[in-house]
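For reference, run-v3.pdb is printed below; it contains PDB, C-alpha atoms and all ligand atoms.
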```pdb
MODEL        1
ATOM      1  CA  MET A   1     151.177 -27.454 101.278
ATOM      2  CA  ARG A   2     147.607 -27.084  99.964
ATOM      3  CA  LEU A   3     145.897 -28.414  96.843
ATOM      4  CA  THR A   4     142.649 -26.898  95.573
ATOM      5  CA  ILE A   5     140.190 -29.378  94.129
ATOM      6  CA  CYS A   6     137.052 -28.079  92.403
ATOM      7  CA  HIS A   7     133.881 -30.122  91.897
ATOM      8  CA  LEU A   8     132.102 -28.355  89.046
ATOM      9  CA  TYR A   9     128.287 -28.735  89.121
ATOM     10  CA  PRO A  10     128.231 -31.030  92.175
ATOM     11  CA  ASP A  11     124.425 -30.797  92.230
ATOM     12  CA  LEU A  12     124.114 -31.892  88.599
ATOM     13  CA  LEU A  13     127.183 -34.017  87.782
ATOM     14  CA  ASP A  14     127.376 -36.545  90.596
ATOM     15  CA  LEU A  15     125.789 -39.665  89.164
ATOM     16  CA  TYR A  16     126.379 -42.964  91.007
ATOM     17  CA  GLY A  17     128.285 -41.230  93.826
ATOM     18  CA  ASP A  18     131.063 -39.867  91.629
ATOM     19  CA  ARG A  19     131.797 -37.365  94.408
ATOM     20  CA  GLY A  20     133.676 -40.288  95.922
ATOM     21  CA  ASN A  21     136.504 -39.282  93.585
ATOM     22  CA  ILE A  22     136.805 -35.971  95.446
ATOM     23  CA  LEU A  23     136.817 -37.823  98.787
ATOM     24  CA  ALA A  24     139.591 -40.142  97.558
ATOM     25  CA  LEU A  25     141.759 -37.249  96.346
ATOM     26  CA  ALA A  26     141.217 -35.385  99.633
ATOM     27  CA  ALA A  27     141.944 -38.413 101.829
ATOM     28  CA  ARG A  28     145.177 -39.288 100.013
ATOM     29  CA  CYS A  29     146.253 -35.669 100.415
ATOM     30  CA  ARG A  30     145.513 -35.601 104.152
ATOM     31  CA  TRP A  31     147.302 -38.908 104.758
ATOM     32  CA  ARG A  32     150.430 -37.156 103.514
ATOM     33  CA  GLY A  33     149.998 -33.876 105.343
ATOM     34  CA  ILE A  34     148.759 -32.013 102.259
ATOM     35  CA  ILE A  35     145.723 -29.828 102.997
ATOM     36  CA  PRO A  36     142.971 -30.346 100.359
ATOM     37  CA  GLU A  37     140.746 -27.313  99.751
ATOM     38  CA  ILE A  38     137.497 -28.482  98.165
ATOM     39  CA  GLN A  39     135.537 -25.963  96.120
ATOM     40  CA  LYS A  40     132.006 -26.617  94.892
ATOM     41  CA  VAL A  41     130.888 -24.470  91.969
ATOM     42  CA  SER A  42     127.552 -24.725  90.163
ATOM     43  CA  LEU A  43     125.328 -22.795  87.763
ATOM     44  CA  GLY A  44     125.954 -19.035  87.787
ATOM     45  CA  GLU A  45     128.696 -19.217  90.411
ATOM     46  CA  ASP A  46     132.142 -17.763  89.893
ATOM     47  CA  LEU A  47     135.188 -19.985  89.476
ATOM     48  CA  ASP A  48     138.737 -18.721  89.088
ATOM     49  CA  ILE A  49     140.059 -21.699  87.102
ATOM     50  CA  SER A  50     143.611 -20.302  87.275
ATOM     51  CA  ALA A  51     143.530 -20.768  91.066
ATOM     52  CA  ILE A  52     142.661 -24.466  91.170
ATOM     53  CA  ASP A  53     144.899 -27.529  90.921
ATOM     54  CA  ILE A  54     142.409 -30.266  90.030
ATOM     55  CA  LEU A  55     139.031 -29.925  88.326
ATOM     56  CA  PHE A  56     136.464 -32.714  88.639
ATOM     57  CA  LEU A  57     133.358 -33.264  86.490
ATOM     58  CA  GLY A  58     131.176 -36.237  87.393
ATOM     59  CA  GLY A  59     128.518 -38.150  85.541
ATOM     60  CA  GLY A  60     125.009 -36.918  84.819
ATOM     61  CA  SER A  61     121.790 -37.677  82.986
ATOM     62  CA  ASP A  62     121.123 -36.265  79.518
ATOM     63  CA  ARG A  63     118.666 -33.824  81.145
ATOM     64  CA  GLU A  64     121.254 -32.554  83.624
ATOM     65  CA  GLN A  65     123.837 -32.192  80.859
ATOM     66  CA  GLY A  66     121.348 -30.057  78.937
ATOM     67  CA  LEU A  67     120.726 -27.893  82.026
ATOM     68  CA  LEU A  68     124.370 -26.986  82.542
ATOM     69  CA  VAL A  69     125.622 -26.645  78.976
ATOM     70  CA  GLN A  70     125.084 -22.865  78.669
ATOM     71  CA  ASP A  71     126.848 -22.217  81.959
ATOM     72  CA  LEU A  72     129.718 -24.538  80.997
ATOM     73  CA  MET A  73     130.159 -22.897  77.592
ATOM     74  CA  ARG A  74     130.765 -19.476  79.177
ATOM     75  CA  ARG A  75     133.763 -21.004  80.974
ATOM     76  CA  GLU A  76     135.261 -22.453  77.756
ATOM     77  CA  ASN A  77     138.102 -19.992  77.075
ATOM     78  CA  GLU A  78     139.374 -19.997  80.651
ATOM     79  CA  LEU A  79     139.143 -23.785  80.878
ATOM     80  CA  ARG A  80     140.845 -24.277  77.509
ATOM     81  CA  ALA A  81     143.760 -22.029  78.573
ATOM     82  CA  ALA A  82     144.116 -23.822  81.910
ATOM     83  CA  ILE A  83     144.097 -27.248  80.243
ATOM     84  CA  GLU A  84     146.753 -26.125  77.757
ATOM     85  CA  ASN A  85     148.683 -24.945  80.809
ATOM     86  CA  GLY A  86     148.516 -28.406  82.386
ATOM     87  CA  LEU A  87     145.460 -28.196  84.658
ATOM     88  CA  VAL A  88     144.663 -31.666  85.980
ATOM     89  CA  VAL A  89     141.112 -32.623  85.029
ATOM     90  CA  LEU A  90     139.219 -35.796  85.846
ATOM     91  CA  ALA A  91     135.967 -36.082  83.889
ATOM     92  CA  ILE A  92     133.674 -39.061  84.323
ATOM     93  CA  CYS A  93     131.051 -40.167  81.814
ATOM     94  CA  GLY A  94     128.714 -37.167  81.265
ATOM     95  CA  GLY A  95     131.455 -34.802  82.385
ATOM     96  CA  TYR A  96     133.854 -36.538  79.966
ATOM     97  CA  GLN A  97     131.357 -36.207  77.102
ATOM     98  CA  MET A  98     131.019 -32.441  77.733
ATOM     99  CA  LEU A  99     134.740 -31.870  77.050
ATOM    100  CA  GLY A 100     134.192 -32.970  73.442
ATOM    101  CA  ASN A 101     132.540 -31.396  70.404
ATOM    102  CA  TYR A 102     128.964 -32.546  71.047
ATOM    103  CA  TYR A 103     126.732 -35.237  72.514
ATOM    104  CA  GLN A 104     123.846 -36.268  70.218
ATOM    105  CA  ILE A 105     121.121 -37.690  72.435
ATOM    106  CA  ALA A 106     118.562 -40.337  71.522
ATOM    107  CA  ASN A 107     116.042 -37.879  69.989
ATOM    108  CA  GLY A 108     118.715 -36.562  67.630
ATOM    109  CA  GLU A 109     119.230 -33.272  69.480
ATOM    110  CA  LYS A 110     122.891 -32.276  69.829
ATOM    111  CA  ILE A 111     124.060 -31.000  73.202
ATOM    112  CA  PRO A 112     127.105 -28.861  72.342
ATOM    113  CA  GLY A 113     130.325 -29.604  74.200
ATOM    114  CA  LEU A 114     133.325 -27.454  75.004
ATOM    115  CA  GLY A 115     135.234 -28.752  71.984
ATOM    116  CA  ILE A 116     138.495 -28.744  73.967
ATOM    117  CA  LEU A 117     139.133 -32.411  73.240
ATOM    118  CA  ASP A 118     138.560 -33.748  69.736
ATOM    119  CA  LEU A 119     135.899 -36.336  70.527
ATOM    120  CA  TRP A 120     132.178 -36.663  69.988
ATOM    121  CA  THR A 121     129.382 -38.775  71.449
ATOM    122  CA  ILE A 122     126.292 -40.287  69.852
ATOM    123  CA  ALA A 123     123.569 -42.034  71.853
ATOM    124  CA  GLY A 124     123.327 -45.709  70.953
ATOM    125  CA  THR A 125     120.171 -47.823  70.840
ATOM    126  CA  LYS A 126     121.038 -49.623  74.093
ATOM    127  CA  ARG A 127     122.656 -48.525  77.306
ATOM    128  CA  LEU A 128     126.189 -49.801  77.868
ATOM    129  CA  ILE A 129     126.100 -51.147  81.403
ATOM    130  CA  GLY A 130     128.342 -53.389  83.465
ATOM    131  CA  ASN A 131     131.718 -53.916  85.043
ATOM    132  CA  VAL A 132     134.798 -52.751  83.168
ATOM    133  CA  VAL A 133     138.465 -53.672  83.241
ATOM    134  CA  VAL A 134     140.853 -51.436  81.304
ATOM    135  CA  ASP A 135     144.395 -52.449  80.453
ATOM    136  CA  LEU A 136     146.714 -49.458  80.688
ATOM    137  CA  ASP A 137     149.350 -51.586  79.003
ATOM    138  CA  PRO A 138     151.794 -49.086  77.474
ATOM    139  CA  SER A 139     151.399 -50.585  74.002
ATOM    140  CA  THR A 140     147.802 -49.382  73.895
ATOM    141  CA  LEU A 141     148.735 -45.789  74.610
ATOM    142  CA  ARG A 142     149.367 -43.913  71.388
ATOM    143  CA  GLY A 143     149.520 -40.300  70.407
ATOM    144  CA  GLU A 144     151.441 -37.331  71.641
ATOM    145  CA  ILE A 145     151.751 -38.308  75.280
ATOM    146  CA  GLU A 146     154.928 -40.314  74.783
ATOM    147  CA  ASP A 147     155.714 -40.530  78.480
ATOM    148  CA  SER A 148     152.456 -42.310  79.380
ATOM    149  CA  ALA A 149     153.851 -45.768  78.896
ATOM    150  CA  GLU A 150     156.733 -45.440  81.355
ATOM    151  CA  THR A 151     154.650 -43.281  83.660
ATOM    152  CA  TYR A 152     151.889 -45.813  84.041
ATOM    153  CA  ALA A 153     154.329 -48.697  84.310
ATOM    154  CA  LYS A 154     156.493 -46.867  86.849
ATOM    155  CA  ARG A 155     153.493 -46.103  88.996
ATOM    156  CA  LYS A 156     152.329 -49.682  88.944
ATOM    157  CA  ILE A 157     149.101 -48.592  87.244
ATOM    158  CA  LYS A 158     148.446 -51.651  85.126
ATOM    159  CA  THR A 159     144.674 -51.855  85.053
ATOM    160  CA  LEU A 160     141.624 -49.767  85.943
ATOM    161  CA  VAL A 161     138.435 -51.330  87.266
ATOM    162  CA  GLY A 162     134.966 -49.833  87.667
ATOM    163  CA  PHE A 163     131.479 -49.949  86.185
ATOM    164  CA  GLU A 164     129.805 -48.154  83.322
ATOM    165  CA  ASN A 165     126.258 -47.025  82.602
ATOM    166  CA  HIS A 166     125.875 -44.791  79.560
ATOM    167  CA  SER A 167     123.873 -44.536  76.351
ATOM    168  CA  GLY A 168     126.416 -42.273  74.681
ATOM    169  CA  LYS A 169     129.050 -43.859  72.454
ATOM    170  CA  THR A 170     132.198 -41.723  72.335
ATOM    171  CA  TYR A 171     134.606 -41.589  69.407
ATOM    172  CA  LEU A 172     138.111 -40.112  69.662
ATOM    173  CA  GLY A 173     139.487 -37.742  67.010
ATOM    174  CA  GLU A 174     142.923 -36.180  66.553
ATOM    175  CA  GLY A 175     145.493 -35.303  69.192
ATOM    176  CA  VAL A 176     143.981 -37.388  71.976
ATOM    177  CA  THR A 177     144.780 -40.884  73.159
ATOM    178  CA  PRO A 178     142.638 -43.494  74.940
ATOM    179  CA  LEU A 179     143.364 -44.394  78.549
ATOM    180  CA  GLY A 180     143.694 -48.005  77.516
ATOM    181  CA  LYS A 181     142.307 -51.169  76.024
ATOM    182  CA  VAL A 182     139.019 -52.694  77.192
ATOM    183  CA  LEU A 183     139.588 -56.197  78.592
ATOM    184  CA  VAL A 184     136.081 -56.502  80.079
ATOM    185  CA  GLY A 185     133.043 -54.365  79.277
ATOM    186  CA  HIS A 186     132.036 -51.946  76.501
ATOM    187  CA  GLY A 187     134.291 -48.893  76.928
ATOM    188  CA  ASN A 188     133.944 -45.754  74.821
ATOM    189  CA  ASN A 189     131.632 -47.125  72.146
ATOM    190  CA  ASP A 190     131.500 -50.939  72.237
ATOM    191  CA  GLN A 191     133.281 -51.025  68.879
ATOM    192  CA  ASP A 192     136.919 -49.904  68.992
ATOM    193  CA  ARG A 193     137.656 -51.657  72.291
ATOM    194  CA  VAL A 194     139.266 -48.650  73.970
ATOM    195  CA  GLU A 195     138.189 -46.711  77.014
ATOM    196  CA  GLY A 196     138.466 -43.134  78.105
ATOM    197  CA  VAL A 197     140.694 -40.378  76.884
ATOM    198  CA  ARG A 198     143.874 -38.623  77.869
ATOM    199  CA  TYR A 199     144.997 -35.223  76.627
ATOM    200  CA  ARG A 200     147.827 -33.408  78.478
ATOM    201  CA  ASN A 201     146.701 -33.677  82.122
ATOM    202  CA  VAL A 202     143.055 -34.340  81.261
ATOM    203  CA  PHE A 203     141.693 -37.817  82.032
ATOM    204  CA  GLY A 204     138.238 -38.785  80.794
ATOM    205  CA  SER A 205     136.665 -42.108  81.605
ATOM    206  CA  TYR A 206     133.319 -43.891  81.615
ATOM    207  CA  LEU A 207     134.279 -45.675  84.824
ATOM    208  CA  HIS A 208     132.094 -45.054  87.838
ATOM    209  CA  GLY A 209     132.807 -46.903  91.039
ATOM    210  CA  PRO A 210     133.834 -44.327  92.004
ATOM    211  CA  LEU A 211     136.901 -44.633  89.832
ATOM    212  CA  LEU A 212     139.576 -43.314  92.171
ATOM    213  CA  PRO A 213     138.789 -45.211  95.385
ATOM    214  CA  LYS A 214     138.951 -48.412  93.311
ATOM    215  CA  ASN A 215     142.222 -47.410  91.650
ATOM    216  CA  PRO A 216     144.448 -45.716  94.280
ATOM    217  CA  HIS A 217     147.529 -45.510  92.048
ATOM    218  CA  LEU A 218     145.590 -43.393  89.566
ATOM    219  CA  THR A 219     144.575 -41.086  92.417
ATOM    220  CA  ASP A 220     148.225 -40.604  93.322
ATOM    221  CA  PHE A 221     149.148 -40.064  89.680
ATOM    222  CA  LEU A 222     146.661 -37.156  89.459
ATOM    223  CA  LEU A 223     147.944 -35.690  92.734
ATOM    224  CA  GLU A 224     151.563 -35.906  91.557
ATOM    225  CA  LEU A 225     150.692 -34.228  88.255
ATOM    226  CA  ALA A 226     148.993 -31.391  90.173
ATOM    227  CA  LEU A 227     151.965 -31.034  92.525
ATOM    228  CA  GLU A 228     154.448 -31.110  89.611
ATOM    229  CA  ARG A 229     152.473 -28.297  87.967
ATOM    230  CA  ARG A 230     153.028 -26.292  91.156
ATOM    231  CA  GLY A 231     156.777 -27.010  91.037
ATOM    232  CA  PHE A 232     156.815 -29.807  93.626
ATOM    233  CA  ASP A 233     158.233 -32.852  91.859
ATOM    234  CA  THR A 234     159.135 -35.031  94.820
ATOM    235  CA  PRO A 235     157.122 -38.267  94.484
ATOM    236  CA  LEU A 236     154.394 -38.771  97.053
ATOM    237  CA  GLN A 237     155.306 -41.025  99.970
ATOM    238  CA  ASP A 238     153.844 -44.515  99.592
ATOM    239  CA  LEU A 239     150.752 -45.360 101.616
ATOM    240  CA  ASP A 240     149.810 -48.792 102.911
ATOM    241  CA  ASP A 241     147.459 -49.732 100.036
ATOM    242  CA  HIS A 242     147.709 -53.480 100.396
ATOM    243  CA  LEU A 243     143.989 -53.883 101.081
ATOM    244  CA  GLU A 244     142.988 -51.613  98.194
ATOM    245  CA  ILE A 245     145.338 -53.433  95.830
ATOM    246  CA  LEU A 246     144.075 -56.798  97.089
ATOM    247  CA  ALA A 247     140.469 -55.717  96.376
ATOM    248  CA  HIS A 248     141.426 -54.210  93.012
ATOM    249  CA  ASP A 249     143.309 -57.284  91.818
ATOM    250  CA  ALA A 250     140.636 -59.686  93.118
ATOM    251  CA  MET A 251     137.989 -57.762  91.148
ATOM    252  CA  VAL A 252     140.120 -57.673  88.001
ATOM    253  CA  ASN A 253     140.908 -61.401  88.187
ATOM    254  CA  LYS A 254     137.264 -62.296  88.866
ATOM    255  CA  LEU A 255     136.033 -60.230  85.907
ATOM    256  CA  LEU A 256     138.718 -61.575  83.589
ATOM    257  CA  LYS A 257     137.739 -65.151  84.526
ATOM    258  CA  GLN A 258     134.077 -64.389  83.816
ATOM    259  CA  ALA A 259     134.838 -62.737  80.449
TER     260      ALA A 259
HETATM  261  N1  LIG B   1     126.638 -42.079  83.576
HETATM  262  C1  LIG B   1     126.573 -40.894  82.875
HETATM  263  O1  LIG B   1     127.160 -39.890  83.247
HETATM  264  C2  LIG B   1     125.684 -40.889  81.647
HETATM  265  C3  LIG B   1     126.101 -39.828  80.624
HETATM  266  C4  LIG B   1     125.082 -39.634  79.535
HETATM  267  N2  LIG B   1     123.858 -39.032  80.069
HETATM  268  C5  LIG B   1     124.794 -40.972  78.834
HETATM  269  O2  LIG B   1     123.764 -41.574  79.101
HETATM  270  O3  LIG B   1     125.615 -41.429  78.057
ENDMDL
END
```
The structure in this file should be written as structure tokens.
Amino acid sequence: MRLTICHLYPDLLDLYGDRGNILALAARCRWRGIIPEIQKVSLGEDLDISAIDILFLGGGSDREQGLLVQDLMRRENELRAAIENGLVVLAICGGYQMLGNYYQIANGEKIPGLGILDLWTIAGTKRLIGNVVVDLDPSTLRGEIEDSAETYAKRKIKTLVGFENHSGKTYLGEGVTPLGKVLVGHGNNDQDRVEGVRYRNVFGSYLHGPLLPKNPHLTDFLLELALERRGFDTPLQDLDDHLEILAHDAMVNKLLKQA
């Protein structure tokens, strides 16, 4: 069994070591005998989106987002079709912003986004920086993805932990749902107290860390979604995550106490 994982713009969207998300996905494949094939695709390079199982977009500076936007826009139709067909996408911070309608940076210039998810981002007057705890409590998950609640609960994904560093404030529109409620930190825009976005099998989040090594159950959830899309719906065998869970829960409890 193989899974193909693509890091799009690894030379531009890899802020704060977000490539660690690729390493986490690959490791948790290997530990189960699944062979991860990692593809790196950047400006001007071909990508057959129909042939990949997971697409990853990391974080980036405003400048880097401006550099890649033209190249990203030429991939819009193929990416939109793949997402509607259940492609698993993890998009962090800058990569998350680029899935939306636009990102208006501090000087008022609008960097166009793919417009695949109904969301938009506007640079605030201060950077939103710090540790974040997100409650994936089912009651905070609204919108069309009715199975999220049970899915998260079943997979023991109760909270996400990481850190954020962004000037963009993201607002969610129609047909998308947040990942969860902000218990600690700023989240999407420091106003509506939600973080991230989910649409079909697309997960956007402001959480660096990297996100997946800090939240192993979410890693497995993405892998299972990718396997299900390929017709393999047997749940992944459990791994011995007791140390990861210990670290995760200690961090969550510490941050909640400090809040
Ligand atoms: N960490 C990031 O990817 C930052 C994204 C974007 N440049 C912002 O400042 O909001």
- Task: One decimal, Å: what's the distance from atom CA of A:Pro112 over to atom CA of A:Ala226, could you say?
- Result: 28.3 Å
- Query: Could you state the separation of atom CA of A:Gly58 and atom CA of A:Ile111 in Å, given to one decimal place?
  - Reply: 16.7 Å
- Name the residues captured by the PyMOL selection byres (((chain A and resi 37) around 12) and not hetatm) when it is applied to the shown file; answer as a PyMOL selection string. chain A and resi 1-7+22-23+25-27+29-30+34-36+38-40+51-55
- Message: Restricting the calculation to all atoms listed in the file: of A:Glu244, A:Asp135, A:Asp233, A:Glu64, which residue gets closest to A:Glu195?
- Response: A:Asp135
- Looking at A:Leu114, A:Met251, A:Val133, A:Leu43, which one is nearest to A:Ser205, with distances taken over all atoms listed in the file? A:Val133
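What the PyMOL selection byres (((chain A and resi 218) around 10) and not hetatm) grabs from this file is Leu25, Tyr152, Arg155, Lys156, Ile157, Lys158, Thr159, Leu160, Leu211, Leu212, Pro213, Lys214, Asn215, Pro216, His217, Thr219, Asp220, Phe221, Leu222, Leu223 and Glu224 of chain A.
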- Task: Could you jot down the atom CA of A:Tyr171 to atom CA of A:Met73 separation for me, Å, one decimal place?
- Result: 20.9 Å
- Task: Determine the residue set returned by the PyMOL selection byres (((chain A and resi 118) around 12) and not hetatm) for the present structure, and present it as a list of chain:residue names.
- Result: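 Checked against the file, the PyMOL selection byres (((chain A and resi 118) around 12) and not hetatm) matches A:Tyr96, A:Gln97, A:Met98, A:Leu99, A:Gly100, A:Asn101, A:Tyr102, A:Gly113, A:Leu114, A:Gly115, A:Ile116, A:Leu117, A:Leu119, A:Trp120, A:Thr121, A:Thr170, A:Tyr171, A:Leu172, A:Gly173, A:Glu174, A:Gly175, A:Val176, A:Thr177, A:Pro178, A:Val197, A:Arg198, A:Tyr199.
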Go ahead and write the selection's residues with C-alpha atoms as a CSV table (one decimal), in the coordinates of the input.
```csv
chain,number,residue,atom,x,y,z
A,96,TYR,CA,133.9,-36.5,80.0
A,97,GLN,CA,131.4,-36.2,77.1
A,98,MET,CA,131.0,-32.4,77.7
A,99,LEU,CA,134.7,-31.9,77.0
A,100,GLY,CA,134.2,-33.0,73.4
A,101,ASN,CA,132.5,-31.4,70.4
A,102,TYR,CA,129.0,-32.5,71.0
A,113,GLY,CA,130.3,-29.6,74.2
A,114,LEU,CA,133.3,-27.5,75.0
A,115,GLY,CA,135.2,-28.8,72.0
A,116,ILE,CA,138.5,-28.7,74.0
A,117,LEU,CA,139.1,-32.4,73.2
A,119,LEU,CA,135.9,-36.3,70.5
A,120,TRP,CA,132.2,-36.7,70.0
A,121,THR,CA,129.4,-38.8,71.4
A,170,THR,CA,132.2,-41.7,72.3
A,171,TYR,CA,134.6,-41.6,69.4
A,172,LEU,CA,138.1,-40.1,69.7
A,173,GLY,CA,139.5,-37.7,67.0
A,174,GLU,CA,142.9,-36.2,66.6
A,175,GLY,CA,145.5,-35.3,69.2
A,176,VAL,CA,144.0,-37.4,72.0
A,177,THR,CA,144.8,-40.9,73.2
A,178,PRO,CA,142.6,-43.5,74.9
A,197,VAL,CA,140.7,-40.4,76.9
A,198,ARG,CA,143.9,-38.6,77.9
A,199,TYR,CA,145.0,-35.2,76.6
```
Axis-aligned box over every listed atom of ligand LIG 1 (chain B), padded by 5 Å per side: centre and edges in Å to one decimal, as AutoDock Vina command-line options?
```
--center_x 125.5 --center_y -40.6 --center_z 80.8 --size_x 13.4 --size_y 13.0 --size_z 15.5
```
- Task: Enumerate as JSON, numbers by chain the residues within 10 Å of ligand LIG 1 (chain B), counting only C-alpha atoms and all ligand atoms.
- Result: {"A": [13, 14, 15, 16, 18, 57, 58, 59, 60, 61, 62, 63, 64, 65, 66, 91, 92, 93, 94, 95, 96, 97, 98, 103, 104, 105, 106, 121, 122, 123, 124, 126, 127, 128, 129, 163, 164, 165, 166, 167, 168, 169, 170, 188, 205, 206, 207, 208]}
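Nearest residue to A:Phe203, choosing from A:Val182, A:Leu47, A:Leu225, A:Leu12 and counting all atoms listed in the file: A:Leu225.
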- Compare A:Gly204, A:Gly209, A:Phe56, A:Ala247 by their minimum atom-to-atom distance to A:Asn131, counting all atoms listed in the file, and give me the closest one. A:Gly209
- Item | Top pick for closest residue to A:Leu256, considering A:Arg229, A:Leu236, A:Leu183, A:Leu243 and counting all atoms listed in the file |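 Checking each candidate against A:Leu256, we get A:Leu183 as the closest.
The shortest atom-to-atom distance to A:Leu179, with only C-alpha atoms taken into account, belongs to A:Arg200 out of A:His248, A:Arg75, A:Arg200, A:Arg28.
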